[in-house]
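Asker: Mind looking over this structure? Questions follow.
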Amino acid sequence: MKLYRFLSEDDTSDFCHKVTDALNKGWELYGGPTQAWDAANGVMRCGQAVTKEVEGTYTRDTKLGEH
């Protein structure tokens, strides 16, 4: 099955670490990163979609972060 996750974080090194961690666990980038101003919190936010092929059958109970 193919899994999809959207990673987001404030525009700090924490975002880069989150994406790097996913890549090192076998996730692959899906498209380019995105960035948007979060006016409510006064910060820039970043996002990146990632996908991964794994064994099994998807259900809504699948814990994406555990793969």
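Here's how to read the names in the structure tokens: chain A, B, ... by the order shown, residue numbers from 1 in each chain, ligand numbers from 1 in the order shown.
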Which of chain A end up as strand (DSSP E) when DSSP is run on this backbone - answer as a PyMOL selection string?
Answerer: chain A and resi 2-10+28-38+43-53
Asker: Write out as a list of chain:residue names each polymer residue whose atoms come within 12 Å of Glu53 in chain A, counting only C-alpha atoms; drop sequence neighbours fewer than 4 positions from it.
Answerer: A:Met1, A:Lys2, A:Leu3, A:Tyr4, A:Arg5, A:Lys25, A:Gly26, A:Trp27, A:Glu28, A:Thr57, A:Tyr58, A:Leu64, A:His67
Asker: Could you check how far CA of Gly42 in chain A sits from CA of Asp21 in chain A, in Å to one decimal?
Answerer: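 According to the coordinates, CA of Gly42 in chain A and CA of Asp21 in chain A are separated by 26.2 Å.
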Asker: Find, counting only C-alpha atoms, the residue in A:Gly65, A:Ser8, A:Gln48, A:Arg60 that gets nearest to Leu29 in chain A.
Answerer: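 Using only C-alpha atoms, Leu29 in chain A sits closest to A:Gln48.
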Asker: Considering only alpha helix (DSSP H) as DSSP defines it on the backbone, what residues of chain A qualify? List them as a list in words.
Answerer: Ser13, Asp14, Phe15, Cys16, His17, Lys18, Val19, Thr20, Asp21, Ala22, Leu23 and Asn24 of chain A
Asker: Can you measure CA of Thr34 in chain A to CA of Thr12 in chain A for me? One decimal in Å is fine.
Answerer: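 CA of Thr12 in chain A lies at a distance of 13.6 Å from CA of Thr34 in chain A.
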Asker: In Å, rounded to a single decimal, give me how far CA of Leu23 in chain A is from CA of Gly47 in chain A.
Answerer: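 That distance, rounded to one decimal, is 14.2 Å.
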